[in-house]
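The file target_33.cif comes next; it holds mmCIF, C-alpha atoms (C1' of nucleotides).
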```cif
data_data
loop_
_atom_site.label_atom_id
_atom_site.label_comp_id
_atom_site.auth_asym_id
_atom_site.auth_seq_id
_atom_site.Cartn_x
_atom_site.Cartn_y
_atom_site.Cartn_z
CA MET A 3 2.37 -5.10 -28.97
CA SER A 4 5.83 -3.65 -28.69
CA GLU A 5 5.56 -0.54 -26.61
CA PRO A 6 8.38 -0.13 -24.14
CA LEU A 7 7.84 -1.74 -20.77
CA ASP A 8 6.83 0.57 -17.98
CA PRO A 9 9.85 0.95 -15.71
CA GLU A 10 7.49 1.40 -12.77
CA MET A 11 5.54 -1.77 -13.52
CA PHE A 12 6.44 -3.42 -10.25
CA ALA A 13 7.26 -0.34 -8.28
CA ASP A 14 4.60 -0.81 -5.63
CA CYS A 15 4.23 -4.57 -5.42
CA SER A 16 7.62 -5.48 -4.07
CA PRO A 17 7.00 -5.85 -0.37
CA VAL A 18 3.23 -6.16 -0.27
CA ALA A 19 2.06 -8.14 -3.31
CA ALA A 20 3.53 -11.36 -2.03
CA PRO A 21 3.00 -11.10 1.70
CA MET A 22 1.73 -14.64 2.05
CA ARG A 23 4.14 -17.47 2.39
CA ILE A 24 2.01 -19.74 0.23
CA GLY A 25 4.92 -20.35 -2.09
CA ASP A 26 7.10 -21.74 0.63
CA LYS A 27 7.73 -25.36 1.34
CA TRP A 28 5.03 -26.20 3.87
CA THR A 29 2.22 -23.65 4.05
CA ALA A 30 0.03 -24.97 1.25
CA LYS A 31 0.25 -28.45 2.71
CA ILE A 32 -0.67 -27.21 6.16
CA ILE A 33 -3.72 -25.41 4.76
CA THR A 34 -4.72 -28.60 2.98
CA CYS A 35 -4.42 -30.59 6.20
CA LEU A 36 -6.78 -28.17 7.92
CA GLU A 37 -9.43 -28.32 5.23
CA SER A 38 -11.44 -31.04 6.92
CA GLY A 39 -11.53 -29.46 10.35
CA PRO A 40 -9.37 -28.46 13.32
CA ARG A 41 -6.18 -30.39 13.88
CA ARG A 42 -3.65 -30.76 16.64
CA PHE A 43 0.08 -30.12 16.41
CA THR A 44 1.12 -33.74 16.48
CA GLU A 45 -1.67 -34.70 14.12
CA LEU A 46 -0.28 -32.31 11.53
CA ARG A 47 3.19 -33.77 11.79
CA VAL A 48 2.02 -37.11 10.42
CA PRO A 49 1.29 -36.29 6.76
CA LEU A 50 3.88 -33.51 6.86
CA ARG A 51 6.62 -36.08 6.70
CA GLY A 52 9.74 -34.94 8.41
CA ILE A 53 8.75 -31.39 9.24
CA THR A 54 10.59 -30.38 12.39
CA PRO A 55 8.62 -28.97 15.33
CA LYS A 56 10.50 -25.70 14.97
CA VAL A 57 9.50 -25.21 11.36
CA LEU A 58 5.92 -26.29 11.96
CA THR A 59 5.64 -23.84 14.82
CA GLU A 60 7.06 -21.02 12.71
CA SER A 61 4.68 -21.77 9.86
CA LEU A 62 1.65 -21.96 12.13
CA ARG A 63 2.56 -18.73 13.90
CA ALA A 64 2.96 -16.93 10.58
CA LEU A 65 -0.45 -18.14 9.43
CA GLU A 66 -1.94 -17.07 12.74
CA ARG A 67 -0.42 -13.60 12.46
CA ASP A 68 -1.94 -13.22 9.03
CA GLY A 69 -5.39 -14.24 10.23
CA MET A 70 -5.47 -17.48 8.25
CA ILE A 71 -5.79 -19.81 11.21
CA THR A 72 -6.72 -19.68 14.88
CA ARG A 73 -4.84 -21.35 17.69
CA THR A 74 -6.97 -22.57 20.57
CA VAL A 75 -5.59 -23.96 23.81
CA TYR A 76 -7.92 -26.19 25.82
CA PRO A 77 -7.06 -26.13 29.52
CA GLU A 78 -6.86 -29.87 29.98
CA ILE A 79 -4.04 -31.98 31.28
CA PRO A 80 -2.12 -32.50 29.23
CA ALA A 81 -3.06 -29.33 27.33
CA ARG A 82 -4.64 -29.76 23.94
CA VAL A 83 -4.03 -27.20 21.17
CA GLU A 84 -6.08 -27.01 18.03
CA TYR A 85 -5.43 -25.16 14.81
CA GLU A 86 -8.33 -24.23 12.58
CA LEU A 87 -8.78 -22.30 9.37
CA THR A 88 -10.56 -18.96 9.58
CA PRO A 89 -13.02 -17.91 6.86
CA LEU A 90 -10.19 -15.81 5.45
CA GLY A 91 -7.91 -18.83 5.46
CA ARG A 92 -10.49 -20.81 3.55
CA THR A 93 -10.41 -18.25 0.73
CA LEU A 94 -6.92 -19.56 -0.02
CA PHE A 95 -8.39 -22.69 -1.53
CA GLU A 96 -9.39 -20.74 -4.64
CA PRO A 97 -5.91 -19.75 -5.82
CA MET A 98 -4.56 -23.06 -4.59
CA ALA A 99 -7.10 -24.91 -6.72
CA ALA A 100 -6.05 -22.84 -9.73
CA GLN A 101 -2.47 -23.94 -9.13
CA CYS A 102 -3.47 -27.58 -8.86
CA ALA A 103 -5.61 -27.36 -11.97
CA TRP A 104 -2.68 -25.95 -13.90
CA THR A 105 -0.43 -28.75 -12.76
CA ARG A 106 -3.02 -31.39 -13.58
CA GLU A 107 -3.53 -30.00 -17.08
CA HIS A 108 -0.06 -28.92 -18.10
CA LEU A 109 2.52 -30.82 -16.10
CA PRO A 110 2.95 -33.45 -18.83
CA GLU A 111 3.80 -30.72 -21.34
CA LEU A 112 6.31 -29.21 -18.95
CA LEU A 113 7.92 -32.56 -18.32
CA ALA A 114 8.04 -33.30 -22.04
CA ALA A 115 9.74 -29.97 -22.70
CA ARG A 116 12.26 -30.74 -20.01
CA GLN A 117 12.96 -34.15 -21.51
CA ALA A 118 13.36 -32.68 -24.98
CA HIS A 119 15.76 -30.09 -23.65
CA GLU A 120 17.80 -32.72 -21.87
CA SER A 121 18.04 -34.81 -25.04
CA ALA A 122 19.03 -31.81 -27.14
CA ALA A 123 21.86 -31.02 -24.74
CA HIS A 124 22.82 -34.74 -24.81
CA MET B 8 -14.87 -33.94 9.71
CA SER B 9 -12.38 -35.47 12.12
CA GLU B 10 -11.07 -38.57 10.51
CA PRO B 11 -7.34 -39.01 10.93
CA LEU B 12 -5.20 -37.41 8.27
CA ASP B 13 -3.85 -39.72 5.63
CA PRO B 14 -0.13 -40.15 6.34
CA GLU B 15 0.45 -40.59 2.61
CA MET B 16 -1.40 -37.39 1.68
CA PHE B 17 1.66 -35.78 0.16
CA ALA B 18 3.63 -38.90 -0.57
CA ASP B 19 3.80 -38.44 -4.33
CA CYS B 20 3.73 -34.67 -4.76
CA SER B 21 7.01 -33.78 -3.14
CA PRO B 22 9.36 -33.37 -6.07
CA VAL B 23 6.92 -33.08 -8.95
CA ALA B 24 3.90 -31.08 -7.82
CA ALA B 25 5.86 -27.87 -7.52
CA PRO B 26 8.26 -28.12 -10.43
CA MET B 27 7.66 -24.57 -11.60
CA ARG B 28 9.55 -21.77 -10.04
CA ILE B 29 6.56 -19.46 -10.13
CA GLY B 30 6.82 -18.88 -6.43
CA ASP B 31 10.32 -17.52 -6.62
CA LYS B 32 11.30 -13.90 -6.60
CA TRP B 33 11.34 -13.02 -10.29
CA THR B 34 9.58 -15.55 -12.52
CA ALA B 35 6.03 -14.21 -12.25
CA LYS B 36 7.29 -10.72 -13.06
CA ILE B 37 9.22 -11.97 -16.07
CA ILE B 38 6.12 -13.74 -17.39
CA THR B 39 4.16 -10.53 -16.91
CA CYS B 40 6.76 -8.55 -18.85
CA LEU B 41 6.43 -10.97 -21.76
CA GLU B 42 2.65 -10.79 -21.92
CA SER B 43 2.56 -8.02 -24.53
CA GLY B 44 5.03 -9.62 -26.91
CA PRO B 45 8.66 -10.65 -27.32
CA ARG B 46 11.25 -8.74 -25.32
CA ARG B 47 15.00 -8.40 -25.30
CA PHE B 48 17.34 -9.11 -22.41
CA THR B 49 18.13 -5.50 -21.68
CA GLU B 50 14.52 -4.50 -22.12
CA LEU B 51 13.51 -6.89 -19.37
CA ARG B 52 16.05 -5.48 -16.96
CA VAL B 53 14.29 -2.11 -16.88
CA PRO B 54 11.09 -2.91 -14.97
CA LEU B 55 12.87 -5.72 -13.12
CA ARG B 56 14.62 -3.17 -10.97
CA GLY B 57 17.96 -4.36 -9.81
CA ILE B 58 17.87 -7.90 -11.13
CA THR B 59 21.42 -8.96 -11.88
CA PRO B 60 22.25 -10.36 -15.33
CA LYS B 61 23.21 -13.63 -13.73
CA VAL B 62 19.87 -14.11 -12.04
CA LEU B 63 17.91 -12.98 -15.10
CA THR B 64 19.84 -15.45 -17.24
CA GLU B 65 19.18 -18.27 -14.78
CA SER B 66 15.49 -17.49 -14.64
CA LEU B 67 15.13 -17.27 -18.41
CA ARG B 68 17.05 -20.52 -18.94
CA ALA B 69 14.83 -22.31 -16.43
CA LEU B 70 11.70 -21.06 -18.17
CA GLU B 71 13.13 -22.12 -21.51
CA ARG B 72 13.93 -25.61 -20.21
CA ASP B 73 10.36 -25.97 -19.02
CA GLY B 74 8.93 -24.91 -22.38
CA MET B 75 7.45 -21.65 -21.08
CA ILE B 76 9.44 -19.32 -23.30
CA THR B 77 11.52 -19.46 -26.46
CA ARG B 78 14.89 -17.82 -26.97
CA THR B 79 15.58 -16.58 -30.46
CA VAL B 80 18.92 -15.21 -31.62
CA TYR B 81 18.84 -12.95 -34.68
CA PRO B 82 22.14 -13.01 -36.57
CA GLU B 83 22.63 -9.28 -36.71
CA ILE B 84 25.51 -7.20 -35.52
CA PRO B 85 25.30 -6.70 -32.67
CA ALA B 86 23.26 -9.86 -32.15
CA ARG B 87 19.70 -9.44 -30.99
CA VAL B 88 18.06 -11.97 -28.67
CA GLU B 89 14.35 -12.14 -28.06
CA TYR B 90 12.40 -14.01 -25.42
CA GLU B 91 8.79 -14.90 -26.08
CA LEU B 92 6.10 -16.82 -24.26
CA THR B 93 5.03 -20.14 -25.73
CA PRO B 94 1.34 -21.15 -25.73
CA LEU B 95 2.19 -23.27 -22.68
CA GLY B 96 3.76 -20.29 -21.01
CA ARG B 97 0.62 -18.27 -21.61
CA THR B 98 -1.42 -20.81 -19.67
CA LEU B 99 0.37 -19.56 -16.56
CA PHE B 100 -1.70 -16.41 -16.61
CA GLU B 101 -4.69 -18.33 -15.28
CA PRO B 102 -3.23 -19.35 -11.91
CA MET B 103 -1.37 -16.05 -11.73
CA ALA B 104 -4.64 -14.18 -12.17
CA ALA B 105 -6.17 -16.23 -9.37
CA GLN B 106 -3.30 -15.17 -7.11
CA CYS B 107 -3.73 -11.53 -8.03
CA ALA B 108 -7.48 -11.71 -7.52
CA TRP B 109 -6.94 -13.14 -4.05
CA THR B 110 -4.55 -10.36 -3.14
CA ARG B 111 -6.86 -7.69 -4.49
CA GLU B 112 -9.79 -9.06 -2.53
CA HIS B 113 -8.22 -10.17 0.71
CA LEU B 114 -4.99 -8.31 1.27
CA PRO B 115 -6.68 -5.66 3.45
CA GLU B 116 -7.99 -8.38 5.76
CA LEU B 117 -4.57 -9.95 6.00
CA LEU B 118 -2.96 -6.60 6.77
CA ALA B 119 -5.62 -5.84 9.37
CA ALA B 120 -5.01 -9.19 11.06
CA ARG B 121 -1.30 -8.48 11.13
CA GLN B 122 -1.90 -5.07 12.66
CA ALA B 123 -4.22 -6.50 15.28
CA HIS B 124 -1.66 -9.14 16.16
CA GLU B 125 1.06 -6.55 16.51
CA SER B 126 -1.09 -4.46 18.83
CA ALA B 127 -2.06 -7.47 20.92
CA ALA B 128 1.58 -8.34 21.43
CA HIS B 129 2.12 -4.65 22.42
"C1'" DC C 18 24.26 -6.08 -26.43
"C1'" DG C 19 23.84 -10.09 -24.00
"C1'" DG C 20 25.70 -12.32 -21.45
"C1'" DT C 21 29.77 -15.31 -18.06
"C1'" DA C 22 32.68 -15.85 -14.08
"C1'" DT C 23 33.53 -15.42 -9.15
"C1'" DC C 24 32.63 -14.63 -4.77
"C1'" DC C 25 29.60 -13.81 -1.00
"C1'" DA C 26 25.54 -12.77 2.27
"C1'" DC C 27 21.37 -14.16 4.02
"C1'" DG C 28 17.64 -16.76 5.62
"C1'" DG C 29 14.63 -20.78 5.17
"C1'" DG C 30 14.79 -25.01 6.59
"C1'" DG C 31 16.88 -29.14 9.02
"C1'" DA C 32 19.13 -31.97 13.15
"C1'" DT C 33 19.25 -32.70 17.69
"C1'" DA C 34 18.32 -32.17 22.36
"C1'" DC C 35 15.62 -30.57 26.00
"C1'" DT C 36 11.18 -28.82 28.79
"C1'" DG C 37 6.61 -27.20 31.18
"C1'" DC D 26 1.63 -33.18 24.17
"C1'" DA D 27 3.24 -29.19 22.29
"C1'" DG D 28 6.39 -27.04 21.92
"C1'" DT D 29 11.82 -24.26 22.81
"C1'" DA D 30 16.59 -23.82 22.26
"C1'" DT D 31 20.83 -24.23 19.56
"C1'" DC D 32 23.55 -24.99 15.97
"C1'" DC D 33 24.26 -25.68 11.18
"C1'" DC D 34 23.78 -26.45 6.03
"C1'" DC D 35 22.87 -25.02 1.61
"C1'" DG D 36 20.65 -22.78 -2.21
"C1'" DT D 37 18.74 -18.47 -3.90
"C1'" DG D 38 19.87 -14.37 -5.04
"C1'" DG D 39 23.08 -10.21 -4.97
"C1'" DA D 40 27.74 -7.62 -6.08
"C1'" DT D 41 31.21 -6.95 -9.03
"C1'" DA D 42 34.05 -7.55 -12.85
"C1'" DC D 43 34.94 -9.03 -17.30
"C1'" DC D 44 34.06 -10.80 -22.39
"C1'" DG D 45 32.78 -12.02 -27.56
#
```
Any chance you could give the structure as structure tokens?
Amino acid sequence: MSEPLDPEMFADCSPVAAPMRIGDKWTAKIITCLESGPRRFTELRVPLRGITPKVLTESLRALERDGMITRTVYPEIPARVEYELTPLGRTLFEPMAAQCAWTREHLPELLAARQAHESAAH
Amino acid sequence: MSEPLDPEMFADCSPVAAPMRIGDKWTAKIITCLESGPRRFTELRVPLRGITPKVLTESLRALERDGMITRTVYPEIPARVEYELTPLGRTLFEPMAAQCAWTREHLPELLAARQAHESAAH
DNA sequence: CGGTATCCACGGGGATACTG
DNA sequence: CAGTATCCCCGTGGATACCG
């Protein structure tokens, strides 16, 4: 119960344990948008209200590098580009669902605690 | 499969769906440190290599505001302060475990994809 | 011991304009 | 259509020093 904390607890997980940018502002939303099938660049920009092309490109490239999505260019005119989740990318839905479940179940408690704290500080 | 994306998909979840700073640099580690029982400020600083007192204080205060931990001051000399997870705080272990499970299972694939990408870009 | 007070660096993200 | 190219803001987190 009260043994001292291991000083090396997090020694190895610094650079590698959080290599995915799932905690950033856009990635989880992008993954969600791709759940129902391949999507085009401009198509993604619609629900992703106000994301700039630069940021969307960066996010997609990062996901591609990590093997989460594929980028396919169809040689038409004008060119069509489609982004699609890989099987690996689809495994992200599990932890994402856990996050959503937590929020669904416990967000009211969190908000209540925040309210109570605000009142106490009056 | 290819119906247009709902433009309002994320309309309501912007400010409230990610109210927890679990994705930040330190919070998940702090929660982990508190799993085995209450801990003191200085005690937490040991495994949290290089966290500054300012940042640790900010993180703890945020968790306290959200009802995840309690802060108890014992009127001794010198004063002793203990941080402890609330029942609500303990519910965070579920989504955190899902994250860890994902990393354990899929990190090698991610790393391999990254390697392959690096080679391809030569 | 358990913080606070300042100051500062960095990088994610945004705004805007332009292009093959 | 699917991006690039610049420039810029701001918030997280770090460094350092000091305090009740």
(request) Give the answer as one residue: which of B:Thr93, B:Thr59, B:Thr64, B:Thr34 has the shortest atom-to-atom distance to chain D, using all atoms listed in the file? (result) B:Thr59
Please tabulate, as a Markdown table, the residues of chain A that come within 8 Å of chain B, each with its closest pair of atoms and the distance in Å to one decimal, counting all atoms listed in the file and ordering rows by chain, then residue number upward.
```
| residue | atom | partner | partner_atom | distance |
| --- | --- | --- | --- | --- |
| A:Met3 | CA | B:Ser43 | CA | 5.3 |
| A:Ser4 | CA | B:Gly44 | CA | 6.3 |
| A:Pro6 | CA | B:Glu50 | CA | 7.8 |
| A:Leu7 | CA | B:Pro54 | CA | 6.8 |
| A:Asp8 | CA | B:Pro54 | CA | 6.3 |
| A:Pro9 | CA | B:Pro54 | CA | 4.1 |
| A:Glu10 | CA | B:Pro54 | CA | 6.0 |
| A:Met11 | CA | B:Pro54 | CA | 5.8 |
| A:Phe12 | CA | B:Pro54 | CA | 6.6 |
| A:Ala19 | CA | B:Thr110 | CA | 7.0 |
| A:Gly25 | CA | B:Gly30 | CA | 5.0 |
| A:Asp26 | CA | B:Gly30 | CA | 7.6 |
| A:Lys31 | CA | B:Phe17 | CA | 7.9 |
| A:Cys35 | CA | B:Leu12 | CA | 7.2 |
| A:Ser38 | CA | B:Met8 | CA | 5.3 |
| A:Gly39 | CA | B:Met8 | CA | 5.6 |
| A:Pro40 | CA | B:Ser9 | CA | 7.7 |
| A:Glu45 | CA | B:Leu12 | CA | 7.4 |
| A:Leu46 | CA | B:Leu12 | CA | 7.8 |
| A:Val48 | CA | B:Pro14 | CA | 5.5 |
| A:Pro49 | CA | B:Pro14 | CA | 4.1 |
| A:Leu50 | CA | B:Phe17 | CA | 7.4 |
| A:Arg51 | CA | B:Pro14 | CA | 7.9 |
| A:Arg67 | CA | B:Arg121 | CA | 5.4 |
| A:Asp68 | CA | B:Leu117 | CA | 5.2 |
| A:Gly69 | CA | B:Ala120 | CA | 5.1 |
| A:Met70 | CA | B:Leu117 | CA | 7.9 |
| A:Leu90 | CA | B:His113 | CA | 7.6 |
| A:Thr93 | CA | B:Trp109 | CA | 7.8 |
| A:Leu94 | CA | B:Trp109 | CA | 7.6 |
| A:Glu96 | CA | B:Ala105 | CA | 7.3 |
| A:Pro97 | CA | B:Ala105 | CA | 5.0 |
| A:Ala100 | CA | B:Pro102 | CA | 5.0 |
| A:Gln101 | CA | B:Pro102 | CA | 5.4 |
| A:Trp104 | CA | B:Pro102 | CA | 6.9 |
| A:Thr105 | CA | B:Ala24 | CA | 7.0 |
| A:His108 | CA | B:Leu95 | CA | 7.6 |
| A:Glu111 | CA | B:Leu95 | CA | 7.7 |
| A:Leu112 | CA | B:Asp73 | CA | 5.2 |
| A:Leu113 | CA | B:Asp73 | CA | 7.1 |
| A:Ala115 | CA | B:Gly74 | CA | 5.1 |
| A:Arg116 | CA | B:Asp73 | CA | 5.2 |
| A:His119 | CA | B:Arg72 | CA | 5.9 |
```
Write out as CSV a residue-level contact list of chain B versus chain D with cut-off 12 Å: for each qualifying residue the closest pair of atoms and the distance in Å to one decimal, counting all atoms listed in the file, rows sorted by chain and residue number upward.
```
residue,atom,partner,partner_atom,distance
B:Arg28,CA,D:DT37,C1',11.5
B:Asp31,CA,D:DT37,C1',8.9
B:Lys32,CA,D:DG38,C1',8.7
B:Trp33,CA,D:DG38,C1',10.1
B:Gly57,CA,D:DG39,C1',9.2
B:Ile58,CA,D:DG39,C1',8.4
B:Thr59,CA,D:DG39,C1',7.2
B:Pro60,CA,D:DG39,C1',10.4
B:Lys61,CA,D:DG38,C1',9.3
B:Val62,CA,D:DG38,C1',7.0
B:Leu63,CA,D:DG38,C1',10.3
B:Glu65,CA,D:DG38,C1',10.5
B:Ser66,CA,D:DG38,C1',11.0
B:Ile84,CA,D:DG45,C1',11.8
B:Pro85,CA,D:DG45,C1',10.5
B:Ala86,CA,D:DG45,C1',10.8
```
(request) At a cut-off of 10 Å, list the chain C residues touching chain A, using only C-alpha atoms (C1' of nucleotides), as a ChimeraX atom specification. (result) /C:29-32
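Put simply, atom CA of Arg42 of chain A is 6.2 Å away from atom CA of Tyr85 of chain A.
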Take segment 106-119 of chain B, bring it up to N, CA and C atoms, and give me the output as a short mmCIF file (atom, residue, chain, number, x, y, z; two decimals), in the coordinates of the input.
```cif
data_model
loop_
_atom_site.label_atom_id
_atom_site.label_comp_id
_atom_site.auth_asym_id
_atom_site.auth_seq_id
_atom_site.Cartn_x
_atom_site.Cartn_y
_atom_site.Cartn_z
N GLN B 106 -4.11 -15.72 -8.20
CA GLN B 106 -3.30 -15.17 -7.11
C GLN B 106 -3.55 -13.67 -6.94
N CYS B 107 -3.53 -12.97 -8.07
CA CYS B 107 -3.73 -11.53 -8.03
C CYS B 107 -5.11 -11.18 -7.51
N ALA B 108 -6.11 -11.96 -7.96
CA ALA B 108 -7.48 -11.71 -7.52
C ALA B 108 -7.57 -11.87 -6.00
N TRP B 109 -6.91 -12.92 -5.50
CA TRP B 109 -6.94 -13.14 -4.05
C TRP B 109 -6.35 -11.92 -3.32
N THR B 110 -5.21 -11.49 -3.79
CA THR B 110 -4.55 -10.36 -3.14
C THR B 110 -5.43 -9.12 -3.19
N ARG B 111 -6.01 -8.86 -4.35
CA ARG B 111 -6.86 -7.69 -4.49
C ARG B 111 -8.03 -7.73 -3.51
N GLU B 112 -8.60 -8.94 -3.35
CA GLU B 112 -9.79 -9.06 -2.53
C GLU B 112 -9.50 -9.16 -1.03
N HIS B 113 -8.40 -9.82 -0.70
CA HIS B 113 -8.22 -10.17 0.71
C HIS B 113 -7.02 -9.56 1.40
N LEU B 114 -6.18 -8.88 0.64
CA LEU B 114 -4.99 -8.31 1.27
C LEU B 114 -5.32 -7.39 2.45
N PRO B 115 -6.35 -6.53 2.31
CA PRO B 115 -6.68 -5.66 3.45
C PRO B 115 -6.97 -6.46 4.72
N GLU B 116 -7.70 -7.55 4.58
CA GLU B 116 -7.99 -8.38 5.76
C GLU B 116 -6.72 -8.93 6.38
N LEU B 117 -5.83 -9.42 5.52
CA LEU B 117 -4.57 -9.95 6.00
C LEU B 117 -3.79 -8.87 6.76
N LEU B 118 -3.70 -7.70 6.16
CA LEU B 118 -2.96 -6.60 6.77
C LEU B 118 -3.58 -6.20 8.11
N ALA B 119 -4.91 -6.20 8.14
CA ALA B 119 -5.62 -5.84 9.37
C ALA B 119 -5.31 -6.86 10.47
#
```
